[in-house]
Amino acid sequence: MHTMDLDPYRLPRSVLPRHYDVTLDPELAAGTFTGTVSITVDVVYAVDRIVVNAIELDIRTVTVDGLAAGFHLDEETERLVIDYASGAGPARIDIAFAGLLNDKLRGFYRSTYRDDDGVEHVIACSQMQATDCRRAFPCFDEPDFKATFGITLVVDDAMLAVSNGPEDRRTVRDDGRIAVAFQDTMVMSTYLVAVIVGRLEATDPVDVGGTPLRIIHVPGKGHLTQFGLAVGAASLGWFQDYYDIPYPGQKVDMVALPDFAAGAMENLGCITYRESLLLVDPDTSTLFEQQVVADVVSHELAHMWFGDLVTMRWWNGIWLNEAFATFMEVMAVEAFRPDWKRWTSFSLERTDAFEVDSLAATRTVEFPVHAPSDCEGMFDVLTYQKGGALLRMLQQYIGEERFRQGVNNYLRTHSYANTETGDLWDGIEAVTTADGGDEPVRELMDSWIWQPGFPLVSASVVGDDLLLRQERFGFGAEPIDATVFIVPVSIRVGDVLHTVLLDTAEASVPLDGATAAVVVNAGGHGFFRVAYDDTLRSRLGTDALATLNTVERYNLVDDASAAFVAGRLSAAALLAFLEGFSAERELAVWQAITASLNRLSRLLVGDARPPFQTRVAALVAPALATLGWDPADGEDDLVGKLRGLLVSTSAVLGGDLDARDRCRSILAGDLADADPELVSAATTVVAAYGNQADFDRFVEGFRSSPNPQEQLRNLYALAEFDDADLVRQACEFAFSGDVRTQNAPYLLQRCIANRAHGAVAWKLVRSSWEVANATFPNPSIIRMIDSVKTLNTPEAVADVQGFFAEHPIKQSLTTLAQVLERQRVNADVRSRESDTFTKSLLAD
């Protein structure tokens with residue numbers, strides 16, 4: 001007989017679940033549910049109690065093998081302790097319970113929508129990751145307790161019920177309600193369980209190699225499903241080919257929910273999404289709005305294998321689930337729409353990771369997780385974007401086909417089981433070793449996963465050699481520490497490509513007298529920044545720039561912008577450097593340029609703005625003149641997006657009065673016939689220079705928009721106004737209840753980021769802190785205040801830093817430390833550069 005002290009975070013391994021039969025009976029109008037769960041378990045060795053997870057449930061009865069058992073629910077540890085003494089062998093636990101459909105968008109919760117007649121309807125839906133399945137029914141709520149699930153949902157006849165498996169049978173109960181039973185799932189973790197009940201509609205299924213694919217949506221939105229179905233079918237088929245493993249589930253339902261805290265969730269066979277990330281009208285949406293739908297659909301489908309079929313053993317491994325799905329989403333969308341050049345645009349996302357990873361408060365990609373809540377800090381750019389970028393770097397280093405074979409080896413070896421991060425590196429290295437390769441896959445990846453930050457690789461000419469030095473990059477004059485990474489560095493000297501594995505502080509590459517342009521990080525796939533000495537920089541003149549690919553040119557601009565923040569390049573020098581790109585015509589490079597211009601614009605005070613606007617307008621004018629304002633028939637989507645970016649940049653940063661007037665005319669016209677990219681740009685421009693009437697029009701547009709993208713476009717425009725009272729109104733609107741709690745924090749985030757009046761928004765958020773925390777989903781609080789880092793005056797820094805010293809965001813302490821450090825960095829940049837930059841502009 002084992003009497004075990006309970007680990008504060010991990011359940012004992014003395015009892016293992018094998019199968020769940022779960023029945024849930026939601027009362028939508030009342031916002032309550034009742035349920036039963038029957039868990040078939042194996043008792044591994046003699047025990048005197050069984051411990052499962054449960055929280056926010058009224059436990060009514062518990063039996064084990066048909067005999068009533070004593071129990072108590074420990075709310076603090078979220079555990080139901082059942083009194084049961086037994087030797088090893090099989091057992092069955094039966095529990096009856098009741099609960100509330102909560103409004104915090106986690107566990108078993110309620111979402112609402114209004115029909116065309118204004119009648120409100122309730123949907124019961126679920127979000128179990130990371131540890132919220134225990135809020136829906138008692139369970140062994142840890143990822144390595146895999147089991148099969150048989151779900152039954154009791155519903156009114158008019159309701160649609162959806163779960164992980166296909167519907168198996170319907171039984172009419174004595175009270176006239178319908179018990180809808182679903183086929184058993186494969187073995188999977190509790191966080192992947194999905195249950196949906198409501199007045200919903202489903203598209204006709206699309207057959208994808210024998211797997212039916214549908215979209216579930218609220219009534220009246222069926223016309224917005226075709227793009228998502230096309231992406232879903234393409235990606236589902238592509239993943240089966242890439243993984244060389246059949247889809248592990250029986251069907252795929254993609255469910256668009258009006259209220260959803262996360263972007264989407266990879267529940268096996270029943271993937272849930274925010275409406276804006278699944279439902280879209282291609283005729284009125286921008287490239288970005290379509291791309292984000294394609295990205296998210298592909299991301300979640302990638303998880304069906306990497307995450308669902310093979311699952312991390314504990315939450316420290318969640319980063320690899322998400323990083324790999326990020327990497328695979330880009331691969332799939334690149335295959336779906338190669339004209340979008342998805343790997344090129346991924347550079348922008350990698351920059352977001354660089355920004356955080358340049359801080360002293362950054363973290364290692366993987367870190368020990370004790371409490372499951374500790375992993376909430378992993379759902380950030382270091383997991384998704386840095387993790388995805390590291391996988392891309394590895395793939396390019398060892399070769400795409402060898403990488404694919406290694407992934408296949410890993411998935412086949414560990415199907416239906418749980419793994420640690422190193423299992424993937426071993427699966428890949430087994431392939432590279434088998435064909436005679438000597439790439440140190442595990443050692444290389446460990447150097448990036450277990451060490452924070454990334455290197456700055458400095459390149460200089462020393463005699464006849466190219467000398468490479470690495471040091472950890474930071475937003476300061478000196479390196480943060482002496483971390484050494486194992487860095488695959490691709491170098492192009494003229495037309496000759498070299499690959500160097502830089503695993504020491506410095507290394508030399510023979511130039512053999514070559515005087516051609518040298519590109520370090522050729523191809524742009526490495527997760528590091530580059531600094532050239534004067535000799536090498538002089539070789540990257542206009543003619544050499546023309547030979548660089550888009551990502552390489554993007555990196556030049558992005559590295560220069562980072563050097564400016566770190567104090568290695570002045571604001572005046574950065575602006576002059578950007579002006580050298582007036583002949584640029586690629587969207588990604590212009591996105592880096594405009595990001596740098598926006599950064600510089602936050603330094604401006606007094607009379608410095610007009611001369612800055614003049615220089616920005618002159619920089620943008622040649623490209624905008626080349627593209628013109630009228631889209632050409634059959635024009636590339638990237639060209640249209642570039643036009644919109646140039647228009648908004650010219651009007652807002654460049655002070656172009658004609659562009660402002662034309663944007664106002666676009667919004668005053670028939671939007672149904674207007675180019676979506678220009679409509680989006682015009683929305684930003686009119687808001688930036690708008691008045692109360694414009695604000696009211698955007699509010700009405702938010703209320704009446706026919707699709708999620710236009711609704712959010714109008715909503716987030718409210719944060720752009722250059723009027724303190726209108727920014728205050730936007731914040732009050734976010735708290736009014738008219739904006740869904742999934743969206744309101746992001747409106748507030750944008751209000752705080754308002755260049756002129758962010759402090760007004762912060763003051764209102766600060767005074768409403770308790771309301772925000774009580775109302776908005778927990779994960780969104782840190783995102784809501786992320787933009788305080790842009791408040792760069794000494795007064796704002798003192799206020800923000802002091803406030804969070806007394807009001808820490810407990811679920812996001814690491815991310816909060818990063819936000820606060822970045823605010824201090826931005827304040828230092830302002831202090832260092834604002835006066836001298838202003839004088840340089842006024843002197844020209």
# chains A, B, ... in the order shown; residues from 1 in each chain; ligands from 1

call {"tool": "residues_around", "arguments": {"residues": "segment 279-285 of chain A", "least_positions_apart": "4", "cutoff": "8 Å", "atoms": "only C-alpha atoms", "output": "VMD selection string"}}
result
chain A and resid 221 223 to 225 227 to 228 256 275 289 to 290 293 672 675 to 677 707 to 710

call {"tool": "residues_around", "arguments": {"residues": "Gly436 of chain A", "least_positions_apart": "5", "cutoff": "12 Å", "atoms": "only C-alpha atoms", "output": "list in words"}}
result
Ile398, Arg402, Glu429, Ala430 and Val431 of chain A

call {"tool": "write_last_selection", "arguments": {"atoms": "C-alpha atoms", "output": "PDB file, in the first residue's frame"}}
result
ATOM      1  CA  ILE A 398      20.924  20.475 -42.909  1.00  0.00           C
ATOM      2  CA  ARG A 402      16.760  15.642 -44.600  1.00  0.00           C
ATOM      3  CA  GLU A 429      20.134  13.608 -36.184  1.00  0.00           C
ATOM      4  CA  ALA A 430      19.442   9.918 -36.789  1.00  0.00           C
ATOM      5  CA  VAL A 431      18.632  10.803 -40.402  1.00  0.00           C
TER       6      VAL A 431
END

call {"tool": "residues_around", "arguments": {"residues": "Asn598 of chain A", "least_positions_apart": "5", "cutoff": "12 Å", "atoms": "only C-alpha atoms", "output": "PyMOL selection string"}}
result
chain A and resi 561+571+575+591-593+603-604+612-613+616+648-650+652-654+753-755+790

call {"tool": "write_last_selection", "arguments": {"atoms": "C-alpha atoms", "output": "CSV table (one decimal), in the first residue's frame"}}
result
chain,number,residue,atom,x,y,z
A,561,SER,CA,17.3,50.0,-36.9
A,571,ALA,CA,19.0,58.8,-35.4
A,575,LEU,CA,17.4,58.4,-41.4
A,591,GLN,CA,7.9,47.4,-44.0
A,592,ALA,CA,11.3,47.5,-42.3
A,593,ILE,CA,11.8,51.1,-43.6
A,603,LEU,CA,11.7,61.3,-31.0
A,604,LEU,CA,10.3,64.4,-32.6
A,612,PHE,CA,11.0,65.2,-40.9
A,613,GLN,CA,7.8,65.0,-42.9
A,616,VAL,CA,9.8,61.1,-45.4
A,648,SER,CA,-0.5,55.7,-45.3
A,649,THR,CA,3.2,56.4,-44.8
A,650,SER,CA,3.1,59.4,-47.1
A,652,VAL,CA,0.7,60.1,-41.8
A,653,LEU,CA,4.5,60.3,-41.5
A,654,GLY,CA,5.1,62.4,-44.6
A,753,ALA,CA,0.4,53.2,-28.3
A,754,ASN,CA,-1.2,56.4,-29.7
A,755,ARG,CA,1.9,58.6,-30.4
A,790,THR,CA,6.1,53.3,-26.1

call {"tool": "select_by_dssp", "arguments": {"residues": "segment 595-739 of chain A", "states": "alpha helix (DSSP H)", "output": "PyMOL selection string"}}
result
chain A and resi 595-601+609-627+637-648+657-668+676-688+692-704+708-717+724-734

call {"tool": "atom_distance", "arguments": {"atom1": "atom CA of His414 of chain A", "atom2": "atom CA of Asp244 of chain A"}}
result
14.4 Å

call {"tool": "atom_distance", "arguments": {"atom1": "atom CA of Met328 of chain A", "atom2": "atom CA of Gln291 of chain A"}}
result
14.3 Å
